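Reading through the structure tokens given below for one structure.
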Amino acid sequence: MNNKVSIVMCTYNGEKYLKDQIDSIINQTYPIHELIIQDDCSTDHTMDILLNYEKEYACVHVFRNEIQKGINENFFSAIARATGDYVAISDQDDIWEKDKIERQMETIGENWLSSCFSKPFAEGDAVVYFDRRKPNIYLERLYVACAIPGHTLLIKKDLINLIPKNADFVLYDLLLSITAAAYNKIFFLEKVLVRHRRHFSAATYGVPVNTQRNIKNLYHYFVRTLTNYIELRNEVSVYFFRMYLLLKSFPDQNSGKMNAQKMALYQSQKGIIAFVKLVILCIKFRDRIFYSEEKNKVVSILRAIYYPIACSDYYRYMSKKPKNRQ
């Protein structure tokens, strides 16, 4: 166990669940080099709890922002403090399995990023759903939507230095995943190593969409995605052009990167020609673009044809109409 692992946790008003997660980190079977906790101006008793842990455990280092940084800046500035060879990212309210770091360090190999399954559990009336399918970690999928959440990530510290400068529009977990995938250095461990707490106050909580395939759900799905596609076409085009520039800035020229780059470019363009070119690529790479591989060939092709419109579902948070955001 020569490689040092730093754990980075960002907190904000997390007093209710904080102790459970810190205890699960301190009790890892793989020795923790340091636990860096950076608080984003909490107004509850979070800092009191953190300072008590810092007094009791030499590996715990607590920092507090003078002004709120927000999710991205908070995580990246906290990661910059890490001195380990590898960095694992932690939410403030999850619970890790005791062998999480050990299992990820055993299997990461020559890769730069490792993820795993996280199994949600509910707090209060929060709605949870556990998707047992192995997610696609291909760049043709990741440039559209994050399939691997930040709270599962273990990264090689050097990965941070490879992130392009023009990437502030992408959330930290997706940005880390895209960067690792651009160099073919990403790995997914098919094991539940995180128990992911879902509650209304969580920054990432959203009501899950019912994906069961029946006539009613399909009807609502088509109405929702088509409506969002029409409303958000301009905003989404801008997003994908920025994504195209981000992908283009990676020096590695592997096939996945080139495919995703083309698809992002076509999604940024308007007109029937760009749309048709995008559909052709979606059909060609249909095993890579969905959350997980679609086994039914006919359904796979049909989904691929509709995929440019279906992608609007991932950006419904941009909608100015409350019903469309749900």
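Each chain in the structure tokens gets a letter, A, B, ..., in the order shown, and its residues are numbered from 1; ligands are numbered from 1 in order too.
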
I want to know what sits within 9 Å of Ile137 in chain A, based on only C-alpha atoms, with residues of the same chain fewer than 4 positions away left out; could you give that as a PDB file with N, CA and C atoms, in the first residue's frame?
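Listed below is the output, part18.pdb:
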ATOM      1  N   ARG A 141     -21.165   8.750 -24.793  1.00  0.00           N
ATOM      2  CA  ARG A 141     -22.247   8.928 -23.822  1.00  0.00           C
ATOM      3  C   ARG A 141     -21.961  10.105 -22.877  1.00  0.00           C
ATOM      4  N   LEU A 142     -20.737  10.153 -22.385  1.00  0.00           N
ATOM      5  CA  LEU A 142     -20.416  11.100 -21.318  1.00  0.00           C
ATOM      6  C   LEU A 142     -20.503  12.557 -21.749  1.00  0.00           C
ATOM      7  N   CYS A 146     -23.747  12.861 -17.562  1.00  0.00           N
ATOM      8  CA  CYS A 146     -22.868  12.156 -16.627  1.00  0.00           C
ATOM      9  C   CYS A 146     -23.520  10.844 -16.197  1.00  0.00           C
ATOM     10  N   ALA A 147     -22.800   9.748 -16.386  1.00  0.00           N
ATOM     11  CA  ALA A 147     -23.319   8.437 -16.004  1.00  0.00           C
ATOM     12  C   ALA A 147     -22.708   7.952 -14.697  1.00  0.00           C
ATOM     13  N   ILE A 148     -21.675   8.639 -14.240  1.00  0.00           N
ATOM     14  CA  ILE A 148     -20.977   8.203 -13.028  1.00  0.00           C
ATOM     15  C   ILE A 148     -20.856   9.382 -12.056  1.00  0.00           C
ATOM     16  N   SER A 177     -14.736  12.888 -15.482  1.00  0.00           N
ATOM     17  CA  SER A 177     -15.033  11.683 -16.261  1.00  0.00           C
ATOM     18  C   SER A 177     -14.693  11.871 -17.727  1.00  0.00           C
ATOM     19  N   ALA A 181     -11.909   9.803 -19.807  1.00  0.00           N
ATOM     20  CA  ALA A 181     -12.372   9.040 -20.971  1.00  0.00           C
ATOM     21  C   ALA A 181     -11.681   9.499 -22.252  1.00  0.00           C
ATOM     22  N   ILE A 186     -10.400   5.285 -17.961  1.00  0.00           N
ATOM     23  CA  ILE A 186     -11.542   5.266 -17.050  1.00  0.00           C
ATOM     24  C   ILE A 186     -11.968   3.825 -16.800  1.00  0.00           C
ATOM     25  N   PHE A 187     -12.364   3.536 -15.563  1.00  0.00           N
ATOM     26  CA  PHE A 187     -12.717   2.164 -15.180  1.00  0.00           C
ATOM     27  C   PHE A 187     -13.948   2.192 -14.271  1.00  0.00           C
ATOM     28  N   PHE A 188     -14.825   1.203 -14.485  1.00  0.00           N
ATOM     29  CA  PHE A 188     -16.022   1.086 -13.636  1.00  0.00           C
ATOM     30  C   PHE A 188     -16.007  -0.257 -12.927  1.00  0.00           C
ATOM     31  N   ARG A 288     -23.278   2.738 -27.486  1.00  0.00           N
ATOM     32  CA  ARG A 288     -22.466   3.564 -26.601  1.00  0.00           C
ATOM     33  C   ARG A 288     -23.178   4.809 -26.069  1.00  0.00           C
ATOM     34  N   TYR A 291     -27.659   5.182 -21.541  1.00  0.00           N
ATOM     35  CA  TYR A 291     -27.108   4.953 -20.204  1.00  0.00           C
ATOM     36  C   TYR A 291     -26.463   3.575 -20.119  1.00  0.00           C
ATOM     37  N   SER A 292     -27.134   2.593 -20.678  1.00  0.00           N
ATOM     38  CA  SER A 292     -26.553   1.262 -20.804  1.00  0.00           C
ATOM     39  C   SER A 292     -26.993   0.692 -22.147  1.00  0.00           C
TER      40      SER A 292
END

Using 8 Å as the limit and counting only C-alpha atoms, can you tabulate each residue of range 32-123 of chain A that touches range 151-162 of chain A, with its shortest atom-to-atom distance in Å and the two atoms involved, as CSV?
residue,atom,partner,partner_atom,distance
A:Gly84,CA,A:Lys157,CA,7.2
A:Asp85,CA,A:Lys157,CA,5.6
A:Tyr86,CA,A:Lys156,CA,4.4
A:Val87,CA,A:Ile155,CA,5.3
A:Ala88,CA,A:Leu154,CA,4.2
A:Ile89,CA,A:His151,CA,5.5
A:Ser90,CA,A:His151,CA,4.9
A:Asp91,CA,A:His151,CA,5.6
A:Ile101,CA,A:Leu154,CA,7.9
A:Gln104,CA,A:Leu154,CA,7.2
A:Trp112,CA,A:Lys156,CA,5.0
A:Leu113,CA,A:Ile155,CA,4.4
A:Ser114,CA,A:Leu154,CA,5.1
A:Ser115,CA,A:Leu153,CA,4.9
A:Cys116,CA,A:Thr152,CA,5.8
A:Phe117,CA,A:Thr152,CA,7.3
A:Ser118,CA,A:Thr152,CA,6.8

Near-Phe250 in chain A list (12 Å; only C-alpha atoms; drop same-chain fewer than 3 positions) as a ChimeraX atom specification
/A:162-167,178-184,243-247,253-254,256-258,260-261

Go ahead and save the residues from that selection, with C-alpha atoms, as a PDB file, in the first residue's frame.
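Contents of result_22.pdb, freshly written:
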ATOM      1  CA  LEU A 162      -5.045  17.498 -17.796  1.00  0.00           C
ATOM      2  CA  ILE A 163      -8.357  19.348 -17.477  1.00  0.00           C
ATOM      3  CA  PRO A 164      -8.649  22.030 -20.194  1.00  0.00           C
ATOM      4  CA  LYS A 165      -9.059  25.659 -19.171  1.00  0.00           C
ATOM      5  CA  ASN A 166     -12.301  26.273 -21.090  1.00  0.00           C
ATOM      6  CA  ALA A 167     -14.401  23.881 -19.017  1.00  0.00           C
ATOM      7  CA  ILE A 178     -14.773  13.298 -19.701  1.00  0.00           C
ATOM      8  CA  THR A 179     -11.088  14.056 -19.192  1.00  0.00           C
ATOM      9  CA  ALA A 180     -10.269  10.485 -18.132  1.00  0.00           C
ATOM     10  CA  ALA A 181     -12.372   9.040 -20.971  1.00  0.00           C
ATOM     11  CA  ALA A 182     -10.652  11.296 -23.518  1.00  0.00           C
ATOM     12  CA  TYR A 183      -7.430   9.414 -22.732  1.00  0.00           C
ATOM     13  CA  ASN A 184      -9.094   5.972 -22.396  1.00  0.00           C
ATOM     14  CA  MET A 243     -18.604  20.898 -25.431  1.00  0.00           C
ATOM     15  CA  TYR A 244     -17.240  20.512 -28.967  1.00  0.00           C
ATOM     16  CA  LEU A 245     -14.472  23.024 -28.202  1.00  0.00           C
ATOM     17  CA  LEU A 246     -13.729  21.231 -24.925  1.00  0.00           C
ATOM     18  CA  LEU A 247     -13.391  17.836 -26.644  1.00  0.00           C
ATOM     19  CA  GLN A 253      -6.954  11.428 -30.946  1.00  0.00           C
ATOM     20  CA  ASN A 254      -8.650   8.158 -29.930  1.00  0.00           C
ATOM     21  CA  GLY A 256     -14.172   7.753 -28.933  1.00  0.00           C
ATOM     22  CA  LYS A 257     -12.984  11.331 -28.603  1.00  0.00           C
ATOM     23  CA  MET A 258     -13.287  11.948 -32.350  1.00  0.00           C
ATOM     24  CA  ALA A 260     -18.015  12.518 -29.514  1.00  0.00           C
ATOM     25  CA  GLN A 261     -16.448  15.628 -31.012  1.00  0.00           C
TER      26      GLN A 261
END

In Å, rounded to a single decimal, give me how far CA of Ile289 in chain A is from CA of Asp94 in chain A.
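So the answer is 28.7 Å.
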
Write out as a PyMOL selection string all residues of range 127-210 of chain A that DSSP puts in strand (DSSP E) for this structure's backbone.
chain A and resi 154-156+186-198

Excluding Val223 in chain A and residues on its chain fewer than 3 positions from it, collect all residues at most 12 Å away from it, counting only C-alpha atoms, and give them as a PyMOL selection string.
chain A and resi 216-220+226-230+309-310+312-313+323-324

Using only C-alpha atoms, which residues sit within 8 Å of range 80-82 of chain A once same-chain residues fewer than 2 positions away are excluded, as a ChimeraX atom specification?
/A:6-8,34,36,76-78,84,87

Tell me, counting only C-alpha atoms, for each residue of range 52-146 of chain A within 12 Å of range 189-200 of chain A, which pair of atoms is nearest and how far apart they are in Å to one decimal, in rows ordered by chain and increasing number, as JSON lines.
{"residue": "A:Ile89", "atom": "CA", "partner": "A:Val194", "partner_atom": "CA", "distance": 11.4}
{"residue": "A:Ser90", "atom": "CA", "partner": "A:Val194", "partner_atom": "CA", "distance": 9.7}
{"residue": "A:Asp91", "atom": "CA", "partner": "A:His196", "partner_atom": "CA", "distance": 8.7}
{"residue": "A:Gln92", "atom": "CA", "partner": "A:Arg197", "partner_atom": "CA", "distance": 9.6}
{"residue": "A:Asp93", "atom": "CA", "partner": "A:Arg197", "partner_atom": "CA", "distance": 6.2}
{"residue": "A:Asp94", "atom": "CA", "partner": "A:His196", "partner_atom": "CA", "distance": 4.9}
{"residue": "A:Ile95", "atom": "CA", "partner": "A:Arg195", "partner_atom": "CA", "distance": 5.1}
{"residue": "A:Trp96", "atom": "CA", "partner": "A:Val194", "partner_atom": "CA", "distance": 4.6}
{"residue": "A:Glu97", "atom": "CA", "partner": "A:Leu193", "partner_atom": "CA", "distance": 5.1}
{"residue": "A:Lys98", "atom": "CA", "partner": "A:Leu193", "partner_atom": "CA", "distance": 8.2}
{"residue": "A:Asp99", "atom": "CA", "partner": "A:Leu193", "partner_atom": "CA", "distance": 7.5}
{"residue": "A:Lys100", "atom": "CA", "partner": "A:Leu193", "partner_atom": "CA", "distance": 5.2}
{"residue": "A:Ile101", "atom": "CA", "partner": "A:Leu193", "partner_atom": "CA", "distance": 8.7}
{"residue": "A:Glu102", "atom": "CA", "partner": "A:Leu193", "partner_atom": "CA", "distance": 10.2}
{"residue": "A:Arg103", "atom": "CA", "partner": "A:Leu189", "partner_atom": "CA", "distance": 8.5}
{"residue": "A:Gln104", "atom": "CA", "partner": "A:Leu189", "partner_atom": "CA", "distance": 7.4}
{"residue": "A:Met105", "atom": "CA", "partner": "A:Leu189", "partner_atom": "CA", "distance": 10.6}
{"residue": "A:Glu106", "atom": "CA", "partner": "A:Leu189", "partner_atom": "CA", "distance": 10.3}
{"residue": "A:Thr107", "atom": "CA", "partner": "A:Leu189", "partner_atom": "CA", "distance": 7.6}
{"residue": "A:Ile108", "atom": "CA", "partner": "A:Leu189", "partner_atom": "CA", "distance": 8.6}
{"residue": "A:Gly109", "atom": "CA", "partner": "A:Leu189", "partner_atom": "CA", "distance": 11.6}
{"residue": "A:Asn111", "atom": "CA", "partner": "A:Leu189", "partner_atom": "CA", "distance": 11.9}
{"residue": "A:Leu113", "atom": "CA", "partner": "A:Leu189", "partner_atom": "CA", "distance": 10.7}
{"residue": "A:Ser114", "atom": "CA", "partner": "A:Leu189", "partner_atom": "CA", "distance": 7.1}
{"residue": "A:Ser115", "atom": "CA", "partner": "A:Leu189", "partner_atom": "CA", "distance": 6.1}
{"residue": "A:Cys116", "atom": "CA", "partner": "A:Leu189", "partner_atom": "CA", "distance": 4.7}
{"residue": "A:Phe117", "atom": "CA", "partner": "A:Val192", "partner_atom": "CA", "distance": 4.5}
{"residue": "A:Ser118", "atom": "CA", "partner": "A:Val194", "partner_atom": "CA", "distance": 4.5}
{"residue": "A:Lys119", "atom": "CA", "partner": "A:Arg195", "partner_atom": "CA", "distance": 5.0}
{"residue": "A:Pro120", "atom": "CA", "partner": "A:His196", "partner_atom": "CA", "distance": 4.3}
{"residue": "A:Phe121", "atom": "CA", "partner": "A:Arg197", "partner_atom": "CA", "distance": 5.2}
{"residue": "A:Ala122", "atom": "CA", "partner": "A:Arg198", "partner_atom": "CA", "distance": 5.1}
{"residue": "A:Glu123", "atom": "CA", "partner": "A:His199", "partner_atom": "CA", "distance": 5.1}
{"residue": "A:Gly124", "atom": "CA", "partner": "A:His199", "partner_atom": "CA", "distance": 6.8}
{"residue": "A:Asp125", "atom": "CA", "partner": "A:His199", "partner_atom": "CA", "distance": 7.7}
{"residue": "A:Ala126", "atom": "CA", "partner": "A:His199", "partner_atom": "CA", "distance": 5.2}
{"residue": "A:Val127", "atom": "CA", "partner": "A:Arg198", "partner_atom": "CA", "distance": 7.5}
{"residue": "A:Val128", "atom": "CA", "partner": "A:Arg198", "partner_atom": "CA", "distance": 6.9}
{"residue": "A:Tyr129", "atom": "CA", "partner": "A:Arg198", "partner_atom": "CA", "distance": 10.0}
{"residue": "A:Phe130", "atom": "CA", "partner": "A:His196", "partner_atom": "CA", "distance": 10.0}
{"residue": "A:Asp131", "atom": "CA", "partner": "A:Val192", "partner_atom": "CA", "distance": 11.3}
{"residue": "A:Arg132", "atom": "CA", "partner": "A:Glu190", "partner_atom": "CA", "distance": 9.2}
{"residue": "A:Arg133", "atom": "CA", "partner": "A:Glu190", "partner_atom": "CA", "distance": 9.2}
{"residue": "A:Lys134", "atom": "CA", "partner": "A:Glu190", "partner_atom": "CA", "distance": 6.9}
{"residue": "A:Pro135", "atom": "CA", "partner": "A:Glu190", "partner_atom": "CA", "distance": 9.5}
{"residue": "A:Asn136", "atom": "CA", "partner": "A:Glu190", "partner_atom": "CA", "distance": 11.9}
{"residue": "A:Ile137", "atom": "CA", "partner": "A:Leu189", "partner_atom": "CA", "distance": 11.3}

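Across the model, the gap from CA of Cys282 in chain A to CA of Asn296 in chain A is 15.5 Å.
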